[in-house]
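Structure file query-v5.cif (mmCIF, C-alpha atoms) is printed below.
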```
data_protein
#
loop_
_atom_site.label_atom_id
_atom_site.label_comp_id
_atom_site.auth_asym_id
_atom_site.auth_seq_id
_atom_site.Cartn_x
_atom_site.Cartn_y
_atom_site.Cartn_z
CA MET S 1 -67.50 -12.69 114.67
CA ARG S 2 -64.84 -15.17 115.57
CA ILE S 3 -65.58 -17.16 112.43
CA SER S 4 -65.34 -14.16 110.17
CA ILE S 5 -61.98 -13.11 111.63
CA LEU S 6 -60.65 -16.60 111.17
CA THR S 7 -61.94 -16.65 107.61
CA THR S 8 -60.23 -13.35 106.89
CA ILE S 9 -56.94 -14.57 108.30
CA ALA S 10 -57.22 -17.78 106.34
CA ALA S 11 -57.87 -15.85 103.13
CA ALA S 12 -54.90 -13.56 103.76
CA VAL S 13 -52.60 -16.48 104.48
CA SER S 14 -53.65 -18.34 101.36
CA ALA S 15 -53.27 -15.21 99.24
CA THR S 16 -49.70 -14.81 100.50
CA ALA S 17 -48.99 -18.46 99.87
CA LEU S 18 -50.13 -18.01 96.27
CA GLY S 19 -47.90 -14.97 95.89
CA ALA S 20 -50.96 -12.83 95.19
CA ALA S 21 -50.38 -10.34 97.99
CA GLU S 22 -49.17 -7.66 95.59
CA ILE S 23 -50.69 -4.21 95.65
CA ALA S 24 -53.04 -3.61 92.73
CA PRO S 25 -52.43 -0.56 90.49
CA THR S 26 -55.60 1.02 91.85
CA ALA S 27 -54.54 0.50 95.48
CA VAL S 28 -51.06 2.05 95.48
CA SER S 29 -50.60 4.59 98.27
CA PHE S 30 -48.62 7.68 97.26
CA GLU S 31 -47.15 10.16 99.73
CA ASP S 32 -45.70 13.29 98.11
CA GLY S 33 -45.34 11.20 94.97
CA ALA S 34 -43.38 8.45 96.73
CA VAL S 35 -44.49 4.89 97.45
CA SER S 36 -42.83 3.46 100.55
CA GLN S 37 -44.36 0.01 100.49
CA SER S 38 -43.03 -2.64 98.13
CA LEU S 39 -45.66 -3.57 95.55
CA THR S 40 -44.93 -7.26 96.00
CA GLY S 41 -43.04 -7.78 99.23
CA VAL S 42 -40.39 -9.53 97.15
CA ALA S 43 -37.01 -7.78 96.84
CA GLY S 44 -36.39 -6.36 93.37
CA ASP S 45 -33.81 -8.00 91.10
CA PRO S 46 -31.50 -5.28 89.75
CA ALA S 47 -30.16 -7.50 86.95
CA ASN S 48 -33.65 -8.07 85.61
CA GLY S 49 -34.40 -4.40 86.19
CA SER S 50 -31.54 -3.38 83.92
CA GLU S 51 -32.98 -5.64 81.19
CA ILE S 52 -36.39 -4.00 81.54
CA VAL S 53 -34.92 -0.48 81.38
CA GLY S 54 -33.08 -1.20 78.13
CA ASP S 55 -35.58 -3.48 76.39
CA LYS S 56 -37.86 -1.93 73.79
CA LYS S 57 -40.49 -4.59 74.52
CA GLN S 58 -40.47 -3.99 78.28
CA GLY S 59 -39.85 -0.66 80.02
CA ASN S 60 -37.96 0.93 77.12
CA CYS S 61 -36.86 3.64 79.56
CA VAL S 62 -33.89 4.41 77.28
CA ALA S 63 -36.33 5.68 74.67
CA CYS S 64 -36.29 8.93 76.65
CA HIS S 65 -33.46 8.56 79.21
CA GLN S 66 -29.74 8.06 78.77
CA VAL S 67 -28.04 5.52 81.05
CA SER S 68 -24.24 5.33 80.89
CA ASP S 69 -24.37 1.98 82.67
CA LEU S 70 -26.22 0.56 79.64
CA ALA S 71 -23.76 1.95 77.08
CA ASP S 72 -24.22 -1.16 74.90
CA VAL S 73 -27.91 -0.31 74.35
CA PRO S 74 -28.05 1.83 71.17
CA PHE S 75 -30.16 4.91 70.44
CA GLN S 76 -30.73 6.27 73.91
CA GLY S 77 -33.17 9.16 73.90
CA GLU S 78 -32.84 12.58 75.48
CA ILE S 79 -36.39 13.61 76.36
CA GLY S 80 -36.05 13.08 80.11
CA PRO S 81 -33.09 13.52 82.45
CA ALA S 82 -30.24 11.03 82.30
CA LEU S 83 -30.65 8.27 84.86
CA ASP S 84 -27.00 8.34 85.93
CA GLY S 85 -26.92 8.96 89.68
CA ALA S 86 -30.66 8.33 90.08
CA GLY S 87 -29.85 6.17 93.11
CA ASP S 88 -28.14 9.13 94.76
CA ARG S 89 -30.82 11.68 93.93
CA TRP S 90 -33.88 9.64 94.91
CA SER S 91 -34.81 7.29 97.71
CA GLU S 92 -36.18 3.85 96.93
CA ALA S 93 -39.70 5.07 97.80
CA GLU S 94 -39.36 8.07 95.50
CA LEU S 95 -38.07 5.92 92.66
CA ARG S 96 -40.98 3.51 93.14
CA GLY S 97 -43.43 6.39 93.01
CA ILE S 98 -41.85 7.92 89.92
CA VAL S 99 -41.74 4.63 88.01
CA ALA S 100 -45.28 3.67 89.05
CA ASN S 101 -46.80 7.06 88.22
CA ALA S 102 -44.47 10.01 87.74
CA LYS S 103 -47.39 12.40 87.32
CA ILE S 104 -48.16 12.23 91.04
CA MET S 105 -44.81 13.89 91.82
CA PHE S 106 -44.47 15.88 88.58
CA GLU S 107 -47.92 16.91 87.46
CA ASP S 108 -47.19 17.70 83.81
CA SER S 109 -44.55 15.04 83.25
CA MET S 110 -44.54 13.50 79.78
CA MET S 111 -43.48 10.21 81.35
CA PRO S 112 -45.97 7.37 80.96
CA SER S 113 -47.40 5.88 84.16
CA PHE S 114 -46.09 2.34 84.31
CA TYR S 115 -48.36 1.02 87.07
CA LYS S 116 -51.75 2.44 86.33
CA THR S 117 -54.86 0.95 84.78
CA GLU S 118 -57.51 3.66 84.96
CA GLY S 119 -58.16 7.19 83.79
CA PHE S 120 -56.89 6.92 80.22
CA ILE S 121 -58.37 8.65 77.17
CA ARG S 122 -59.10 6.13 74.41
CA PRO S 123 -56.93 3.36 75.87
CA GLY S 124 -55.83 0.91 73.20
CA ASN S 125 -54.90 -2.73 72.97
CA ALA S 126 -51.10 -2.31 73.03
CA TYR S 127 -49.89 -0.95 69.66
CA THR S 128 -52.72 -2.29 67.51
CA GLY S 129 -54.67 0.96 67.32
CA LYS S 130 -57.74 -0.98 68.45
CA ALA S 131 -59.67 -0.40 71.68
CA ALA S 132 -58.44 -1.97 74.89
CA ASP S 133 -60.09 -5.24 75.81
CA ASP S 134 -60.27 -7.24 79.04
CA THR S 135 -56.57 -8.16 78.77
CA PHE S 136 -55.68 -4.51 79.53
CA GLY S 137 -53.09 -4.28 82.32
CA PRO S 138 -50.39 -1.92 83.56
CA LEU S 139 -47.34 -1.28 81.34
CA LEU S 140 -45.16 -3.15 83.82
CA SER S 141 -46.10 -5.77 86.43
CA ALA S 142 -45.66 -5.11 90.15
CA GLN S 143 -42.50 -7.21 90.26
CA GLN S 144 -41.11 -5.54 87.14
CA ILE S 145 -41.58 -2.19 88.88
CA GLU S 146 -39.70 -3.53 91.92
CA ASP S 147 -36.90 -4.82 89.66
CA VAL S 148 -36.57 -1.46 87.89
CA VAL S 149 -36.51 0.37 91.24
CA ALA S 150 -33.82 -2.03 92.48
CA TYR S 151 -31.74 -1.34 89.37
CA LEU S 152 -32.17 2.44 89.52
CA SER S 153 -31.09 2.37 93.17
CA THR S 154 -27.73 0.97 92.03
CA LEU S 155 -27.07 3.94 89.73
CA LYS S 156 -24.71 6.01 91.86
CA GLU S 157 -22.33 8.67 90.63
CA MET P 1 -40.68 23.81 76.04
CA THR P 2 -38.13 26.43 76.88
CA ASN P 3 -37.74 25.07 80.38
CA LEU P 4 -37.21 21.49 79.30
CA ARG P 5 -34.78 22.44 76.57
CA GLY P 6 -33.00 24.85 78.84
CA ALA P 7 -32.65 22.20 81.51
CA LEU P 8 -31.29 19.74 78.99
CA SER P 9 -28.80 22.29 77.71
CA ALA P 10 -27.64 22.85 81.25
CA LEU P 11 -27.14 19.12 81.67
CA ILE P 12 -25.14 18.95 78.46
CA ILE P 13 -22.93 21.81 79.58
CA ALA P 14 -22.45 20.16 82.95
CA GLY P 15 -21.24 17.10 81.08
CA THR P 16 -23.45 14.77 83.05
CA MET P 17 -25.08 13.09 80.07
CA ALA P 18 -23.76 9.80 78.81
CA SER P 19 -23.45 11.05 75.26
CA VAL P 20 -24.89 13.93 73.31
CA ALA P 21 -26.76 13.15 70.13
CA VAL P 22 -26.67 15.64 67.28
CA ALA P 23 -30.31 16.51 67.13
CA ASP P 24 -31.05 20.11 66.29
CA PRO P 25 -32.66 20.96 62.95
CA VAL P 26 -30.00 21.45 60.29
CA ASP P 27 -29.07 24.77 58.70
CA ASP P 28 -29.84 23.98 55.07
CA SER P 29 -31.90 25.27 52.15
CA LEU P 30 -34.34 23.18 50.14
CA ILE P 31 -34.07 24.03 46.46
CA ILE P 32 -36.13 21.77 44.20
CA ASN P 33 -34.47 20.83 40.90
CA GLY P 34 -31.99 23.64 41.37
CA GLU P 35 -34.65 26.27 40.74
CA THR P 36 -37.47 26.50 43.30
CA THR P 37 -36.44 27.56 46.80
CA LEU P 38 -38.89 26.42 49.46
CA VAL P 39 -39.52 28.06 52.82
CA THR P 40 -38.60 25.42 55.40
CA ARG P 41 -38.29 27.75 58.37
CA THR P 42 -40.18 30.94 59.16
CA LYS P 43 -41.74 32.99 61.92
CA ALA P 44 -44.61 31.20 63.62
CA PRO P 45 -48.10 32.38 62.65
CA ALA P 46 -49.84 34.49 65.29
CA HIS P 47 -52.17 31.71 66.42
CA VAL P 48 -49.25 29.50 67.55
CA SER P 49 -46.84 32.21 68.65
CA ASP P 50 -47.59 31.43 72.31
CA ALA P 51 -46.08 27.98 71.76
CA LEU P 52 -43.48 28.40 69.02
CA ASP P 53 -41.20 31.18 67.81
CA GLU P 54 -40.49 29.53 64.50
CA VAL P 55 -42.17 26.87 62.44
CA MET P 56 -39.92 24.36 60.70
CA SER P 57 -40.42 21.77 58.04
CA GLY P 58 -39.72 18.15 58.95
CA TRP P 59 -37.18 18.25 56.11
CA LEU P 60 -34.77 20.07 58.45
CA PHE P 61 -34.87 17.15 60.88
CA ARG P 62 -33.90 14.45 58.39
CA GLY P 63 -30.48 13.18 57.31
CA THR P 64 -28.34 14.46 54.46
CA GLU P 65 -29.24 11.70 51.98
CA THR P 66 -32.96 11.90 52.70
CA ARG P 67 -32.91 15.67 52.24
CA ALA P 68 -31.05 15.34 48.95
CA MET P 69 -33.59 12.83 47.60
CA GLN P 70 -36.36 15.36 47.97
CA ALA P 71 -34.44 18.13 46.25
CA ASP P 72 -34.40 16.42 42.84
CA ASP P 73 -37.50 15.06 41.15
CA PHE P 74 -35.48 12.27 39.51
CA ASP P 75 -34.35 11.09 42.94
CA ASN P 76 -37.68 11.60 44.72
CA PRO P 77 -39.54 8.25 44.62
CA GLY P 78 -42.80 10.10 45.34
CA MET P 79 -42.68 11.63 41.86
CA ILE P 80 -43.38 8.23 40.29
CA PHE P 81 -46.83 8.38 41.87
CA VAL P 82 -47.29 11.97 40.74
CA GLU P 83 -46.77 10.79 37.17
CA GLN P 84 -49.36 8.06 37.63
CA ALA P 85 -51.84 10.62 38.93
CA GLU P 86 -51.12 12.90 35.99
CA ASP P 87 -52.39 10.14 33.68
CA VAL P 88 -55.50 9.79 35.81
CA TRP P 89 -55.98 13.57 35.78
CA ASN P 90 -56.30 13.47 32.01
CA THR P 91 -58.46 10.33 31.75
CA ALA P 92 -62.27 10.46 31.64
CA ASP P 93 -64.11 8.46 34.28
CA GLY P 94 -67.71 8.04 35.47
CA SER P 95 -71.14 8.52 33.90
CA GLU P 96 -70.42 12.10 32.76
CA GLY P 97 -67.46 11.04 30.68
CA LYS P 98 -65.28 13.76 32.13
CA SER P 99 -61.70 13.88 33.30
CA CYS P 100 -60.36 16.25 35.94
CA ALA P 101 -58.70 18.19 33.12
CA ASP P 102 -62.01 18.74 31.31
CA CYS P 103 -63.14 21.12 34.05
CA HIS P 104 -59.89 22.23 35.65
CA GLY P 105 -57.44 22.38 32.74
CA ALA P 106 -53.85 21.33 33.26
CA SER P 107 -52.86 20.02 36.67
CA SER P 108 -50.25 22.76 36.77
CA ASP P 109 -53.10 25.28 36.87
CA MET P 110 -54.09 23.93 40.31
CA SER P 111 -51.19 25.47 42.23
CA GLU P 112 -53.46 27.61 44.43
CA VAL P 113 -55.48 24.65 45.73
CA ARG P 114 -53.35 22.58 48.10
CA PRO P 115 -52.11 25.57 50.16
CA THR P 116 -55.63 26.48 51.35
CA PHE P 117 -56.91 23.01 52.29
CA PRO P 118 -58.57 21.95 54.53
CA LYS P 119 -61.14 24.70 53.95
CA TRP P 120 -64.80 25.38 54.62
CA ASN P 121 -67.22 24.10 51.97
CA ASP P 122 -70.38 26.20 51.83
CA ALA P 123 -72.57 23.63 50.11
CA ALA P 124 -71.65 20.79 52.44
CA GLU P 125 -71.49 23.11 55.46
CA GLU P 126 -68.38 21.46 56.78
CA VAL P 127 -64.63 21.67 56.47
CA PHE P 128 -63.35 19.72 53.48
CA THR P 129 -59.95 18.14 53.22
CA LEU P 130 -58.44 17.87 49.75
CA GLU P 131 -59.45 14.20 49.72
CA MET P 132 -63.07 15.11 50.45
CA GLN P 133 -63.01 17.69 47.66
CA VAL P 134 -61.61 15.17 45.19
CA ASN P 135 -64.30 12.66 46.08
CA ASP P 136 -66.99 15.34 45.90
CA CYS P 137 -65.85 16.08 42.34
CA ARG P 138 -65.78 12.41 41.44
CA GLU P 139 -69.20 11.67 42.81
CA ASN P 140 -71.13 14.81 41.92
CA ARG P 141 -69.42 16.15 38.79
CA MET P 142 -67.96 13.07 37.14
CA GLY P 143 -70.54 10.51 38.22
CA ALA P 144 -67.63 8.30 39.26
CA GLU P 145 -67.07 6.02 42.21
CA LYS P 146 -65.56 7.64 45.28
CA TRP P 147 -62.02 6.62 46.02
CA LYS P 148 -61.06 5.06 49.34
CA TYR P 149 -60.07 7.96 51.59
CA ASN P 150 -56.49 6.81 52.11
CA GLY P 151 -56.23 4.44 49.15
CA GLY P 152 -53.60 4.50 46.43
CA GLU P 153 -55.52 6.51 43.79
CA MET P 154 -56.37 9.18 46.34
CA VAL P 155 -52.91 9.57 47.82
CA ASN P 156 -51.43 9.72 44.31
CA MET P 157 -53.86 12.47 43.33
CA THR P 158 -53.05 14.49 46.45
CA ALA P 159 -49.37 14.06 45.59
CA LEU P 160 -49.99 15.52 42.13
CA LEU P 161 -51.93 18.46 43.56
CA ALA P 162 -49.21 19.08 46.15
CA SER P 163 -46.40 18.81 43.60
CA VAL P 164 -47.81 21.59 41.42
CA SER P 165 -48.07 23.81 44.52
CA ARG P 166 -44.50 23.39 45.69
CA GLY P 167 -43.10 26.76 46.61
CA ASN P 168 -46.52 28.19 47.32
CA THR P 169 -47.24 29.09 50.91
CA VAL P 170 -49.50 27.09 53.21
CA ASN P 171 -52.32 29.42 54.17
CA VAL P 172 -55.37 27.72 55.65
CA ALA P 173 -58.17 29.85 57.10
CA ILE P 174 -58.91 29.27 60.77
CA ASP P 175 -61.63 31.85 61.28
CA GLY P 176 -65.19 32.32 60.06
CA PRO P 177 -67.15 29.09 59.60
CA ALA P 178 -63.98 26.95 59.97
CA GLN P 179 -63.24 28.23 63.45
CA ALA P 180 -65.24 25.65 65.40
CA THR P 181 -63.50 22.81 63.54
CA TRP P 182 -60.13 24.46 64.13
CA GLU P 183 -60.88 24.70 67.87
CA GLN P 184 -61.83 21.03 67.92
CA GLY P 185 -58.55 20.20 66.21
CA LYS P 186 -56.60 22.24 68.72
CA GLU P 187 -58.31 20.40 71.56
CA LEU P 188 -57.29 17.08 70.02
CA TYR P 189 -53.71 18.29 69.51
CA TYR P 190 -53.30 18.84 73.23
CA THR P 191 -55.20 15.73 74.39
CA ARG P 192 -52.99 13.07 75.94
CA THR P 193 -54.30 9.85 74.48
CA GLY P 194 -53.72 6.18 75.12
CA GLN P 195 -51.98 4.23 77.81
CA LEU P 196 -48.81 6.26 77.25
CA GLU P 197 -50.81 9.49 77.72
CA LEU P 198 -49.05 11.41 74.98
CA SER P 199 -50.44 14.37 73.08
CA CYS P 200 -49.18 15.66 69.74
CA ALA P 201 -47.73 18.56 71.72
CA ASN P 202 -45.69 16.37 74.08
CA CYS P 203 -43.45 15.27 71.23
CA HIS P 204 -43.86 17.88 68.50
CA GLU P 205 -44.16 21.09 70.49
CA ASP P 206 -42.33 20.40 73.76
CA SER P 207 -39.63 18.04 72.49
CA TYR P 208 -38.90 18.70 68.82
CA GLY P 209 -35.22 18.56 67.99
CA LEU P 210 -34.64 15.86 70.61
CA MET P 211 -34.15 12.14 70.10
CA ILE P 212 -36.80 9.67 71.25
CA ARG P 213 -34.95 6.40 70.93
CA ALA P 214 -33.73 6.43 67.28
CA ASP P 215 -36.25 9.02 66.10
CA HIS P 216 -35.40 12.68 65.70
CA LEU P 217 -38.56 14.51 66.72
CA SER P 218 -39.73 17.21 64.34
CA GLN P 219 -42.51 19.75 64.78
CA GLY P 220 -44.88 17.32 63.09
CA GLN P 221 -45.66 19.76 60.30
CA ILE P 222 -47.79 18.41 57.44
CA ASN P 223 -46.72 20.79 54.66
CA GLY P 224 -44.75 17.93 53.08
CA PHE P 225 -47.64 15.49 52.70
CA PRO P 226 -48.22 13.12 51.17
CA THR P 227 -44.80 11.91 52.14
CA TYR P 228 -42.75 9.10 50.67
CA ARG P 229 -41.41 7.19 53.67
CA LEU P 230 -38.28 5.12 53.30
CA LYS P 231 -39.52 2.79 56.04
CA ASN P 232 -42.55 1.61 54.08
CA THR P 233 -41.50 2.69 50.56
CA LYS P 234 -44.81 4.28 49.63
CA LEU P 235 -46.70 7.55 49.81
CA ASN P 236 -48.33 8.16 53.18
CA SER P 237 -51.37 10.33 53.66
CA ILE P 238 -51.81 12.82 56.48
CA HIS P 239 -54.52 10.78 58.18
CA ASP P 240 -52.52 7.56 57.95
CA ARG P 241 -49.67 9.35 59.67
CA PHE P 242 -52.00 10.70 62.39
CA LYS P 243 -53.30 7.18 62.89
CA GLY P 244 -49.78 5.81 63.26
CA CYS P 245 -48.84 8.42 65.83
CA ILE P 246 -51.95 7.88 67.93
CA ARG P 247 -51.53 4.11 67.71
CA ASP P 248 -48.04 4.62 69.12
CA THR P 249 -49.54 6.23 72.23
CA ARG P 250 -51.19 2.82 72.82
CA ALA P 251 -54.56 4.37 72.04
CA GLU P 252 -57.63 3.41 70.09
CA THR P 253 -57.09 5.49 66.97
CA TYR P 254 -59.53 7.54 64.95
CA SER P 255 -60.19 6.52 61.35
CA PRO P 256 -58.82 8.21 58.22
CA GLY P 257 -61.47 10.62 56.99
CA SER P 258 -63.15 10.85 60.41
CA PRO P 259 -64.41 14.25 61.64
CA GLU P 260 -61.74 14.14 64.37
CA PHE P 261 -58.90 13.75 61.89
CA VAL P 262 -60.36 16.41 59.58
CA ALA P 263 -60.36 18.83 62.52
CA LEU P 264 -56.86 17.80 63.58
CA GLU P 265 -55.62 18.23 60.01
CA LEU P 266 -56.99 21.76 59.83
CA TYR P 267 -55.32 22.65 63.12
CA VAL P 268 -51.96 21.05 62.32
CA ALA P 269 -51.99 22.57 58.81
CA SER P 270 -52.57 25.99 60.37
CA ARG P 271 -49.48 25.55 62.54
CA GLY P 272 -47.55 25.44 59.26
CA ASN P 273 -49.05 28.59 57.73
CA GLY P 274 -46.05 30.34 56.19
CA LEU P 275 -44.13 27.22 55.20
CA SER P 276 -44.03 26.07 51.58
CA VAL P 277 -46.04 23.18 50.26
CA GLU P 278 -43.47 20.39 49.84
CA GLY P 279 -45.37 17.29 48.89
CA PRO P 280 -44.51 14.71 47.94
CA SER P 281 -41.72 14.97 50.48
CA VAL P 282 -39.22 12.26 51.41
CA ARG P 283 -38.92 11.18 55.02
CA ASN P 284 -37.63 8.18 56.94
#
```
Show me, as structure tokens, the structure contained in the file I just sent.
Amino acid sequence: MRISILTTIAAAVSATALGAAEIAPTAVSFEDGAVSQSLTGVAGDPANGSEIVGDKKQGNCVACHQVSDLADVPFQGEIGPALDGAGDRWSEAELRGIVANAKIMFEDSMMPSFYKTEGFIRPGNAYTGKAADDTFGPLLSAQQIEDVVAYLSTLKE
Amino acid sequence: MTNLRGALSALIIAGTMASVAVADPVDDSLIINGETTLVTRTKAPAHVSDALDEVMSGWLFRGTETRAMQADDFDNPGMIFVEQAEDVWNTADGSEGKSCADCHGASSDMSEVRPTFPKWNDAAEEVFTLEMQVNDCRENRMGAEKWKYNGGEMVNMTALLASVSRGNTVNVAIDGPAQATWEQGKELYYTRTGQLELSCANCHEDSYGLMIRADHLSQGQINGFPTYRLKNTKLNSIHDRFKGCIRDTRAETYSPGSPEFVALELYVASRGNGLSVEGPSVRN
């Protein structure tokens, strides 16, 4: 008993030391669509978050959402609500839940789930049209989610 | 759809959006060569009236120059491929030494064909797309090699058969023996595929008229196929377009000519019953 507890503690400590203590996509705990616990334990970087929101190769959030703060990013879409004031309308936990998997809070949302790895129909290998292989991962990493949430929290009216 | 669009309108009125893109379908008439007026907007057929009031050609969602290119055969790059297919139409091929024209007469006599495809084929006991019908003719009547489903010869021939039908009304049958295939196609239309979990309906039923990044979403009608796309400067078949869309949901696609795409084509074609055949259209 004593040995197993010590082993568990040792494993937990070493996992933290390796920076691997992040919450896996399959282990995220939602409460009314919100996620209160940081996915990484590392504070999000809003500057990097703003890059992810505007970058076609990362979050590409502007494909569907307008963001006045990113006025230099061209061709902002209009499918979803504008993100201006998102930091006023939503708490950090709500923003984390929406970015990770908006369909928990809004059942029929068109918004892709950015931190999810299971339950897809014919998942593909990125934009190749081919089947997913063992490199399949969430659309954004845990830290990228935290960075986006940190950025969205700065968007105040 | 109404809720989303209504909500967006409210936001626009409230002035809370960063900028407002001009994105509604245009108010314009498509008149080919100054003589043939095409129906680009009409009342939705009964089987989609729960989802749409009107059905609209993708032509209404494109820019002024692109629309003008399609209105004049000398400006429409797709017509080059129609001319190539016209030569093929009149050239014998295969062990029977027959051309298409030997059985069917002039290509211009085929104007009733494109509007009703895909359609049930009694002998084969399945729904045939126009491509399947062409290959059936080649194999069983001409003794010729089948063409690749989405290859150049095939897409050119479908462009010829569409071009002679321009102005005729899309009218595919969805009942009788075709009904099961149509139901399968409808199921696929509303299935959210891939890692992005997007269905055809998410973009083309719920969000048409809106911008998704730089793209102006249309209703995804296929009455204009094959379509000459400015982005890849060639004719694009219906199934190639389906494949591209599904790929863009980060999904494993279906293959051109697959039973799934045949079913989806029948369903999507039926959503355009009442529009004019427009192929070869010009799109971006």
(request) Using all atoms listed in the file, select each residue of chain S with any atom at most 10 Å away from an atom of chain P, and give the selection as a PyMOL selection string. (result) chain S and resi 56+60-71+74-85+108-114+116-132+136-139+157
(request) Write out as a ChimeraX atom specification which residues come within 7 Å of Leu30 of chain P when counting only C-alpha atoms, dropping same-chain ones fewer than 4 positions away. (result) /P:37-38,71
(message) With 12 Å as the threshold, what does the neighbourhood of (-57.2, 9.3, 40.2) contain in terms of residues, counting all atoms listed in the file? Coordinates are those of the file; answer as a ChimeraX atom specification.
(response) /P:81-94,99-101,131,134-135,137-138,142,144-149,151-161
(request) Rank P:Ala263, P:Ala68, P:Ala162, P:Leu130 by their smallest atom-to-atom distance to Ala180 of chain P, using all atoms listed in the file, and report the top residue only. (result) P:Ala263
(message) What would the selection look like, as an MDAnalysis selection string, if the PyMOL selection byres ((chain S and resi 150) around 12) were run on the coordinates I just shared?
(response) chainID S and resid 38 42:53 86:87 90:96 99 143:149 151:155
(message) So that I can see what lies close to Pro118 of chain P, please list as a PyMOL selection string the residues with an atom at most 6 Å from it, counting all atoms listed in the file and leaving out residues fewer than 2 positions away in the same chain.
(response) chain P and resi 128-129+266
As a PDB file with C-alpha atoms, in the coordinates of the input, please: the residues near Gly97 of chain S (cut-off 10 Å, all atoms listed in the file, same-chain neighbours under 5 positions excluded).
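This went into selection.pdb:
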```
ATOM      1  CA  VAL S  28     -51.060   2.050  95.480  1.00  0.00           C
ATOM      2  CA  SER S  29     -50.600   4.590  98.270  1.00  0.00           C
ATOM      3  CA  PHE S  30     -48.620   7.680  97.260  1.00  0.00           C
ATOM      4  CA  GLU S  31     -47.150  10.160  99.730  1.00  0.00           C
ATOM      5  CA  ASP S  32     -45.700  13.290  98.110  1.00  0.00           C
ATOM      6  CA  GLY S  33     -45.340  11.200  94.970  1.00  0.00           C
ATOM      7  CA  ALA S  34     -43.380   8.450  96.730  1.00  0.00           C
ATOM      8  CA  VAL S  35     -44.490   4.890  97.450  1.00  0.00           C
ATOM      9  CA  SER S  36     -42.830   3.460 100.550  1.00  0.00           C
ATOM     10  CA  GLN S  37     -44.360   0.010 100.490  1.00  0.00           C
ATOM     11  CA  SER S  91     -34.810   7.290  97.710  1.00  0.00           C
ATOM     12  CA  GLU S  92     -36.180   3.850  96.930  1.00  0.00           C
ATOM     13  CA  ALA S 102     -44.470  10.010  87.740  1.00  0.00           C
ATOM     14  CA  LYS S 103     -47.390  12.400  87.320  1.00  0.00           C
ATOM     15  CA  ILE S 104     -48.160  12.230  91.040  1.00  0.00           C
ATOM     16  CA  MET S 105     -44.810  13.890  91.820  1.00  0.00           C
ATOM     17  CA  SER S 113     -47.400   5.880  84.160  1.00  0.00           C
ATOM     18  CA  PHE S 114     -46.090   2.340  84.310  1.00  0.00           C
ATOM     19  CA  TYR S 115     -48.360   1.020  87.070  1.00  0.00           C
ATOM     20  CA  ILE S 145     -41.580  -2.190  88.880  1.00  0.00           C
ATOM     21  CA  VAL S 149     -36.510   0.370  91.240  1.00  0.00           C
TER      22      VAL S 149
END
```
(message) Running the PyMOL selection byres ((chain P and resi 25) around 6) on this model by hand, what would come out? Give it as a PyMOL selection string.
(response) chain P and resi 24+26+60-61
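Separating atom CA of Phe225 of chain P from atom CA of Ala106 of chain P is a distance of 21.2 Å.
With only the atoms specified (all atoms listed in the file) counting, those residues at most 9 Å away from (-51.0, 12.7, 53.5) are P:Asn150, P:Val155, P:Thr158, P:Ala159, P:Ile222, P:Gly224, P:Phe225, P:Pro226, P:Thr227, P:Leu235, P:Asn236, P:Ser237, P:Ile238, P:His239, P:Asp240, P:Arg241, P:Gly279, P:Pro280.
Taking atom CA of Ser57 of chain P and atom CA of Thr40 of chain P as endpoints, the distance between them is 4.9 Å.
Residue membership of the PyMOL selection byres ((chain P and resi 283) around 6) in the shown file amounts to Arg229, Val282 and Asn284 of chain P.
Atom pair atom CA of Val73 of chain S / atom CA of Leu230 of chain P: separated by 24.1 Å.
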